[in-house]
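For reference, start.cif (mmCIF, C-alpha atoms):
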```cif
data_coords
#
loop_
_atom_site.label_atom_id
_atom_site.label_comp_id
_atom_site.auth_asym_id
_atom_site.auth_seq_id
_atom_site.Cartn_x
_atom_site.Cartn_y
_atom_site.Cartn_z
CA MET A 1163 84.02 47.96 109.98
CA THR A 1164 87.52 48.34 111.40
CA ASN A 1165 88.44 51.06 113.86
CA GLU A 1166 90.07 52.96 111.01
CA PRO A 1167 87.35 54.93 109.17
CA ARG A 1168 87.29 55.17 105.40
CA SER A 1169 87.31 58.96 105.84
CA HIS A 1170 87.28 61.40 108.75
CA ARG A 1171 85.06 63.77 106.76
CA LEU A 1172 81.36 63.29 107.46
CA ALA A 1173 80.41 64.39 103.96
CA ASP A 1174 82.41 61.52 102.43
CA LEU A 1175 80.70 58.81 104.48
CA THR A 1176 77.34 57.07 104.35
CA TRP A 1177 74.94 57.37 107.26
CA PRO A 1178 75.49 53.75 108.38
CA GLU A 1179 79.25 54.41 108.47
CA ILE A 1180 78.65 57.55 110.54
CA HIS A 1181 76.30 55.66 112.84
CA ARG A 1182 79.05 53.14 113.59
CA LEU A 1183 81.75 55.82 113.80
CA ARG A 1184 79.98 57.78 116.55
CA ALA A 1185 80.92 55.13 119.10
CA VAL A 1186 84.66 55.67 118.55
CA ALA A 1187 84.74 59.34 117.44
CA PRO A 1188 83.72 61.51 120.41
CA VAL A 1189 84.93 64.82 118.86
CA ALA A 1190 83.41 66.66 115.92
CA LEU A 1191 85.58 69.39 114.42
CA ILE A 1192 84.08 72.27 112.40
CA PRO A 1193 86.51 74.18 110.11
CA LEU A 1194 85.60 77.79 109.33
CA GLY A 1195 87.15 79.80 106.54
CA ALA A 1196 86.57 82.80 104.31
CA CYS A 1197 86.32 83.78 100.67
CA GLU A 1198 88.21 87.04 100.59
CA GLN A 1199 91.05 88.83 98.91
CA HIS A 1200 94.54 87.77 99.94
CA GLY A 1201 96.68 90.27 98.12
CA ARG A 1202 97.84 89.76 94.55
CA GLY A 1203 99.41 86.35 95.07
CA LEU A 1204 97.10 84.18 97.20
CA ALA A 1205 93.75 82.61 96.34
CA GLN A 1206 90.54 83.72 98.02
CA ARG A 1207 90.06 80.32 99.69
CA THR A 1208 93.36 80.49 101.59
CA ASP A 1209 91.79 80.67 105.07
CA THR A 1210 89.38 77.83 104.34
CA THR A 1211 92.12 75.58 102.99
CA ARG A 1212 94.43 76.20 105.95
CA ALA A 1213 91.65 75.30 108.39
CA GLU A 1214 90.80 72.15 106.40
CA ALA A 1215 94.46 71.11 106.25
CA VAL A 1216 94.89 71.41 110.02
CA ALA A 1217 91.60 69.61 110.62
CA ASP A 1218 92.58 66.71 108.37
CA MET A 1219 95.99 66.36 109.99
CA VAL A 1220 94.51 66.44 113.50
CA ALA A 1221 91.90 63.83 112.58
CA GLU A 1222 94.57 61.57 111.09
CA ARG A 1223 96.75 62.00 114.17
CA LEU A 1224 93.92 61.06 116.55
CA SER A 1225 92.12 58.55 114.32
CA PRO A 1226 89.44 57.35 114.78
CA SER A 1227 88.54 59.82 117.53
CA VAL A 1228 87.76 62.91 115.41
CA VAL A 1229 85.28 63.55 112.61
CA ILE A 1230 85.22 66.69 110.47
CA THR A 1231 82.20 68.54 109.16
CA PRO A 1232 82.24 70.30 105.79
CA ALA A 1233 84.11 73.59 106.02
CA VAL A 1234 82.16 76.84 106.11
CA PRO A 1235 83.76 78.63 103.13
CA VAL A 1236 82.49 82.19 103.75
CA GLY A 1237 82.99 84.20 106.91
CA LEU A 1238 83.01 87.77 108.23
CA SER A 1239 85.02 89.68 105.62
CA GLU A 1240 83.38 93.12 105.48
CA HIS A 1241 86.81 94.73 105.98
CA HIS A 1242 87.95 93.22 102.65
CA MET A 1243 84.94 94.19 100.56
CA ALA A 1244 86.79 96.97 98.71
CA PHE A 1245 88.56 94.21 96.73
CA PRO A 1246 86.69 92.38 93.95
CA GLY A 1247 85.43 88.87 94.66
CA THR A 1248 85.35 89.03 98.45
CA LEU A 1249 82.20 87.48 99.92
CA THR A 1250 80.96 88.18 103.42
CA LEU A 1251 78.33 87.07 105.88
CA THR A 1252 76.99 89.28 108.64
CA GLY A 1253 77.83 88.51 112.24
CA PRO A 1254 74.35 87.18 113.11
CA THR A 1255 74.39 84.93 110.03
CA LEU A 1256 77.76 83.35 110.88
CA MET A 1257 76.67 82.93 114.49
CA ALA A 1258 73.50 81.19 113.31
CA VAL A 1259 75.51 78.90 111.01
CA VAL A 1260 77.88 77.86 113.81
CA GLN A 1261 75.05 77.36 116.29
CA GLU A 1262 72.95 75.33 113.86
CA LEU A 1263 75.86 73.11 112.80
CA VAL A 1264 76.68 72.39 116.43
CA THR A 1265 73.01 71.78 117.18
CA SER A 1266 72.85 69.24 114.33
CA LEU A 1267 75.89 67.43 115.73
CA TYR A 1268 74.39 67.52 119.22
CA ARG A 1269 71.16 65.96 117.98
CA HIS A 1270 73.21 63.07 116.58
CA GLY A 1271 74.96 62.46 119.88
CA TRP A 1272 78.17 64.50 119.79
CA ARG A 1273 78.93 66.17 123.11
CA ARG A 1274 82.45 67.38 122.28
CA VAL A 1275 82.80 69.93 119.48
CA PHE A 1276 85.83 71.95 118.41
CA VAL A 1277 85.51 74.94 116.06
CA LEU A 1278 88.67 75.80 114.12
CA THR A 1279 88.69 79.09 112.24
CA GLY A 1280 91.29 79.89 109.62
CA HIS A 1281 90.08 83.51 109.44
CA GLY A 1282 90.64 85.89 112.34
CA GLY A 1283 87.67 88.00 111.29
CA ASN A 1284 85.40 85.17 112.44
CA ASN A 1285 86.69 85.22 116.01
CA SER A 1286 84.11 87.49 117.64
CA ALA A 1287 81.17 85.62 116.12
CA VAL A 1288 82.64 82.25 117.11
CA ASP A 1289 83.27 83.37 120.69
CA LEU A 1290 79.69 84.61 121.09
CA SER A 1291 78.32 81.44 119.48
CA VAL A 1292 80.30 79.22 121.84
CA SER A 1293 79.01 81.15 124.86
CA ARG A 1294 75.43 80.78 123.66
CA LEU A 1295 75.85 77.06 122.92
CA ARG A 1296 77.31 76.38 126.37
CA ALA A 1297 74.23 77.98 127.90
CA ASP A 1298 71.81 76.14 125.62
CA PHE A 1299 73.44 72.70 125.93
CA GLN A 1300 74.78 72.27 129.43
CA ASP A 1301 76.15 68.80 128.74
CA LEU A 1302 78.16 70.02 125.72
CA HIS A 1303 81.94 70.47 125.84
CA ILE A 1304 82.77 73.05 123.16
CA ALA A 1305 86.04 74.85 122.43
CA TRP A 1306 87.51 76.86 119.58
CA SER A 1307 90.71 78.36 118.23
CA GLY A 1308 92.24 80.07 115.25
CA VAL A 1309 95.06 78.53 113.24
CA THR A 1310 98.05 80.90 113.27
CA ALA A 1311 97.43 82.14 116.82
CA VAL A 1312 98.01 78.65 118.23
CA ALA A 1313 101.64 78.87 117.08
CA SER A 1314 102.20 82.55 117.88
CA ASP A 1315 105.60 81.91 119.45
CA VAL A 1316 106.79 80.17 116.28
CA THR A 1317 105.41 82.87 113.98
CA ALA A 1318 107.05 85.59 116.06
CA GLU A 1319 110.38 83.84 115.57
CA LEU A 1320 109.91 83.43 111.80
CA ALA A 1321 108.32 86.78 110.91
CA GLN A 1322 110.43 89.44 109.26
CA SER A 1323 107.90 92.25 108.72
CA ARG A 1324 107.06 94.57 111.58
CA VAL A 1325 103.50 94.99 110.32
CA ARG A 1326 101.97 91.71 109.21
CA GLY A 1327 98.89 89.57 109.59
CA HIS A 1328 97.31 89.10 106.17
CA SER A 1329 98.97 87.46 103.17
CA CYS A 1330 102.29 88.16 104.84
CA GLU A 1331 105.31 85.85 104.89
CA ILE A 1332 103.64 83.84 107.70
CA GLU A 1333 100.32 83.17 106.00
CA THR A 1334 101.89 82.68 102.58
CA SER A 1335 104.32 80.12 104.02
CA GLN A 1336 101.38 78.17 105.44
CA ALA A 1337 99.60 78.31 102.09
CA MET A 1338 102.70 77.01 100.29
CA PHE A 1339 102.75 74.00 102.60
CA ALA A 1340 99.00 73.37 102.86
CA ASP A 1341 98.26 73.65 99.14
CA PRO A 1342 100.83 75.13 96.72
CA THR A 1343 98.07 75.83 94.17
CA LEU A 1344 96.89 78.64 96.45
CA VAL A 1345 100.02 80.64 95.63
CA GLN A 1346 100.91 82.62 92.51
CA SER A 1347 104.55 83.14 93.45
CA GLY A 1348 105.30 85.60 90.65
CA TRP A 1349 102.53 87.90 91.83
CA LEU A 1350 103.52 88.06 95.51
CA THR A 1351 104.29 91.59 96.67
CA ARG A 1352 105.59 93.48 99.64
CA GLY A 1353 102.45 95.08 101.01
CA SER A 1354 102.37 97.39 103.98
CA ALA A 1355 105.16 95.96 106.12
CA ALA A 1356 106.00 98.90 108.40
CA LEU A 1357 104.03 101.62 110.16
CA ASP A 1358 105.40 104.22 107.76
CA ASP A 1359 103.67 102.40 104.90
CA LEU A 1360 100.23 103.02 106.36
CA GLU A 1361 97.83 105.92 106.08
CA PRO A 1362 97.32 107.92 109.33
CA ALA A 1363 94.32 105.87 110.49
CA GLY A 1364 96.21 102.69 109.74
CA ARG A 1365 99.28 103.87 111.66
CA LEU A 1366 97.11 104.75 114.64
CA SER A 1367 95.33 101.40 114.47
CA ARG A 1368 98.46 99.25 114.12
CA GLY A 1369 100.66 101.38 116.36
CA HIS A 1370 98.52 100.66 119.44
CA PRO A 1371 97.80 96.92 119.17
CA HIS A 1372 95.83 96.61 122.41
CA ILE A 1373 93.38 99.35 121.46
CA HIS A 1374 90.68 98.30 119.00
CA PHE A 1375 90.40 100.74 116.07
CA PRO A 1376 89.55 98.45 113.13
CA GLN A 1377 90.17 99.60 109.57
CA ALA A 1378 89.18 98.33 106.14
CA TYR A 1379 92.06 96.67 104.34
CA ASP A 1380 92.13 99.20 101.51
CA VAL A 1381 93.12 101.75 104.18
CA LEU A 1382 95.87 99.48 105.45
CA SER A 1383 97.29 98.32 102.12
CA ALA A 1384 96.76 99.22 98.47
CA ASP A 1385 97.47 95.60 97.48
CA GLY A 1386 95.44 94.10 100.32
CA ASN A 1387 98.31 92.45 102.18
CA LEU A 1388 100.23 93.29 105.34
CA GLY A 1389 103.80 92.02 105.36
CA ASP A 1390 105.93 90.57 102.58
CA GLY A 1391 104.71 87.41 100.91
CA ARG A 1392 107.92 87.25 98.85
CA LEU A 1393 109.74 86.12 102.02
CA ALA A 1394 107.55 83.04 102.39
CA ASP A 1395 109.05 79.57 102.65
CA PRO A 1396 107.14 76.25 102.57
CA GLU A 1397 109.45 74.83 105.27
CA ALA A 1398 108.42 77.66 107.56
CA GLY A 1399 104.80 76.89 106.70
CA LYS A 1400 105.34 73.24 107.56
CA ARG A 1401 106.81 74.17 110.93
CA ILE A 1402 103.90 76.49 111.75
CA ILE A 1403 101.14 74.11 110.70
CA THR A 1404 102.81 71.10 112.31
CA THR A 1405 103.05 73.04 115.57
CA VAL A 1406 99.36 73.95 115.34
CA VAL A 1407 98.44 70.30 114.71
CA ASP A 1408 100.59 69.14 117.64
CA ARG A 1409 98.96 71.62 120.01
CA VAL A 1410 95.36 71.16 118.89
CA ALA A 1411 95.77 67.37 118.99
CA ALA A 1412 97.24 67.56 122.51
CA PHE A 1413 94.29 69.70 123.60
CA LEU A 1414 91.78 67.29 122.07
CA GLU A 1415 93.37 64.33 123.88
CA GLY A 1416 92.61 66.13 127.13
CA PHE A 1417 89.23 67.21 125.81
CA ILE A 1418 88.26 63.60 125.16
CA ALA A 1419 89.40 62.56 128.64
CA LEU A 1420 87.27 65.16 130.43
CA PRO A 1421 84.33 63.91 132.48
CA ASP A 1422 81.01 64.44 130.77
CA ARG A 1423 79.30 67.71 131.63
CA VAL A 1424 76.21 67.32 133.76
CA PRO A 1425 73.35 69.78 133.23
CA HIS A 1426 72.63 71.96 136.25
CA PRO A 1427 69.15 71.56 137.69
CA PRO A 1428 66.95 74.63 137.24
CA VAL A 1429 67.10 77.12 140.10
CA SER A 1430 63.89 76.94 142.11
CA ASP A 1431 62.11 80.06 143.31
CA GLU A 1432 63.07 79.24 146.90
CA ARG A 1433 66.79 78.86 146.04
CA ALA A 1434 66.68 82.07 144.04
CA LEU A 1435 65.25 83.91 147.04
CA GLU A 1436 67.88 82.41 149.36
CA ALA A 1437 70.65 83.63 147.02
CA ARG A 1438 69.51 87.25 147.31
#
```
In structure tokens, write the structure found in this file.
Amino acid sequence: MTNEPRSHRLADLTWPEIHRLRAVAPVALIPLGACEQHGRGLAQRTDTTRAEAVADMVAERLSPSVVITPAVPVGLSEHHMAFPGTLTLTGPTLMAVVQELVTSLYRHGWRRVFVLTGHGGNNSAVDLSVSRLRADFQDLHIAWSGVTAVASDVTAELAQSRVRGHSCEIETSQAMFADPTLVQSGWLTRGSAALDDLEPAGRLSRGHPHIHFPQAYDVLSADGNLGDGRLADPEAGKRIITTVVDRVAAFLEGFIALPDRVPHPPVSDERALEAR
């Protein structure tokens, strides 16, 4: 076997290939997505596909150092359940999925894991899972990020809608670049793109961004999107996703170079008493 793997995706490889790959692929990357409404013009798998696209590009950039698990295609989407076809897990279920996937990787020798979520609704569950995993596996390096948030400076420059964040020009641009079949261009609409478009609870929620007052998406937008997907441009999507890939890859280079974590010895009764 050469240093260049036949695939970076674990599911596409045989176990002997994976056995050999472990020696040269210290990082396992787990993409998380969602199956939820994305307005009238984007497919339900948009978040999953964006996470997979970034993961594939990062793995190719750093080959053979990164392997990719199968994507988790359903996430925390309760706030989209008013729209037909949305599927959702509960928080404890998603946390269990993340923790058990990481535990499987750990049992096979991976000590560096990166979780990449294409859906912001997964963030709280991922953060709690990572905290738990760090406590359970003290020799595990584990990190996580979203997709769009990694390039927030670029998206702020490109965005045209004051209120945005779901199936807007930013997300639709990424979808056009990552997989054009996600987009039904003739069905894209201007959803709620300004505070005046929102119902009172939505205005209060979006008008004070550092105060958490979450709302279901049918309260925020009749069509299910915030922003204007009609303004999307695949070149903008390319710039956003390429920036995300650059930054995640740069992080992972440093991640790989970190010294291994060493488990702390258990605190003895005597040391615990001395610390009081």
I'd like the neighbourhood of Met1338 (chain A) as a short mmCIF file (atom, residue, chain, number, x, y, z; two decimals) with C-alpha atoms, in the coordinates of the input, where a residue qualifies if any of its atoms comes within 9 Å (using all atoms listed in the file), though same-chain residues fewer than 4 positions away should be ignored.
```cif
data_model
loop_
_atom_site.label_atom_id
_atom_site.label_comp_id
_atom_site.auth_asym_id
_atom_site.auth_seq_id
_atom_site.Cartn_x
_atom_site.Cartn_y
_atom_site.Cartn_z
CA GLU A 1333 100.32 83.17 106.00
CA THR A 1334 101.89 82.68 102.58
CA PRO A 1342 100.83 75.13 96.72
CA THR A 1343 98.07 75.83 94.17
CA LEU A 1344 96.89 78.64 96.45
CA VAL A 1345 100.02 80.64 95.63
CA ALA A 1394 107.55 83.04 102.39
CA ASP A 1395 109.05 79.57 102.65
CA PRO A 1396 107.14 76.25 102.57
CA GLU A 1397 109.45 74.83 105.27
CA GLY A 1399 104.80 76.89 106.70
CA LYS A 1400 105.34 73.24 107.56
#
```
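The list of residues with at least one atom within 7 Å of Asp1301 (chain A), based on all atoms listed in the file and without residues fewer than 6 positions apart in the same chain, reads Arg1273, Asp1422, Arg1423, Val1424 and Pro1425 of chain A.
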Atoms kept (C-alpha atoms) for selection, written as a JSON list (two decimals), in the frame of the given file:
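Full text of part_15.json as output:
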```
[["chain", "number", "residue", "atom", "x", "y", "z"],
["A", 1273, "ARG", "CA", 78.93, 66.17, 123.11],
["A", 1422, "ASP", "CA", 81.01, 64.44, 130.77],
["A", 1423, "ARG", "CA", 79.30, 67.71, 131.63],
["A", 1424, "VAL", "CA", 76.21, 67.32, 133.76],
["A", 1425, "PRO", "CA", 73.35, 69.78, 133.23]]
```
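Around Ala1187 (chain A), within 6 Å and counting all atoms listed in the file, the residues found are Leu1183, Arg1184, Pro1226, Ser1227 and Val1228 of chain A, once anything fewer than 3 positions away on its own chain is removed.
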(message) as a count of residues only, please: the residues near region 1244-1254 of chain A (cut-off 6 Å, all atoms listed in the file, same-chain neighbours under 2 positions excluded).
(response) 11
Using 8 Å as the limit and counting only C-alpha atoms, can you tabulate each residue of region 1291-1352 of chain A that touches region 1367-1388 of chain A, with its shortest atom-to-atom distance in Å and the two atoms involved, as CSV?
```
residue,atom,partner,partner_atom,distance
A:Val1325,CA,A:Leu1388,CA,6.2
A:Arg1326,CA,A:Leu1388,CA,4.5
A:Gly1327,CA,A:Leu1388,CA,5.8
A:His1328,CA,A:Leu1388,CA,5.2
A:Ser1329,CA,A:Asn1387,CA,5.1
A:Cys1330,CA,A:Leu1388,CA,5.6
A:Thr1351,CA,A:Asp1385,CA,8.0
A:Arg1352,CA,A:Asn1387,CA,7.8
```
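Applied to this file, the PyMOL selection byres ((chain A and resi 1270) around 12) selects Trp1177, Ile1180, His1181, Arg1182, Leu1183, Arg1184, Ala1185, Pro1188, Ala1190, Leu1263, Val1264, Thr1265, Ser1266, Leu1267, Tyr1268, Arg1269, Gly1271, Trp1272, Arg1273 and Arg1274 of chain A.
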(request) Could you check how far CA of Arg1207 (chain A) sits from CA of Asp1174 (chain A), in Å to one decimal? (result) 20.5 Å
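Distance annotation: of A:Glu1166, A:Glu1179, A:Glu1214, A:Asp1408, the residue with the minimal separation from Gly1280 (chain A) is A:Glu1214; atom set is only C-alpha atoms.
Restricting the calculation to all atoms listed in the file, the smallest distance between Leu1302 (chain A) and any of A:Gln1206, A:Leu1420, A:Ala1411, A:Thr1279 is found for A:Leu1420.
Checking A:Val1260, A:Leu1191, A:Ala1313, A:Ala1412 one by one against Val1229 (chain A), counting only C-alpha atoms, you find the shortest gap at A:Leu1191.
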(request) Take the PyMOL selection byres ((chain A and resi 1213) around 12), apply it to the structure above, and return the hits as a PyMOL selection string. (result) chain A and resi 1191-1196+1207-1212+1214-1220+1230-1235+1277-1282+1307-1310+1333+1336-1337+1340-1341+1403+1406-1407+1410
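Between CA of Pro1421 (chain A) and CA of Ala1305 (chain A) the interatomic distance comes to 15.0 Å.
Our summary of the geometry notes that CA of Ile1402 (chain A) is positioned 6.5 Å from CA of Val1316 (chain A).
In this comparison, which uses only C-alpha atoms, the residue of A:Asp1358, A:Asn1284, A:Arg1294, A:Ala1321 approaching His1241 (chain A) most closely is A:Asn1284.
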Could you work out an axis-aligned box for region 1325-1337 of chain A, taking every atom the file lists and adding 6 Å on each side, and report centre and edge lengths in Å to one decimal, as JSON?
```
{"center_x": 101.3, "center_y": 86.6, "center_z": 106.2, "size_x": 20.0, "size_y": 28.8, "size_z": 20.2}
```
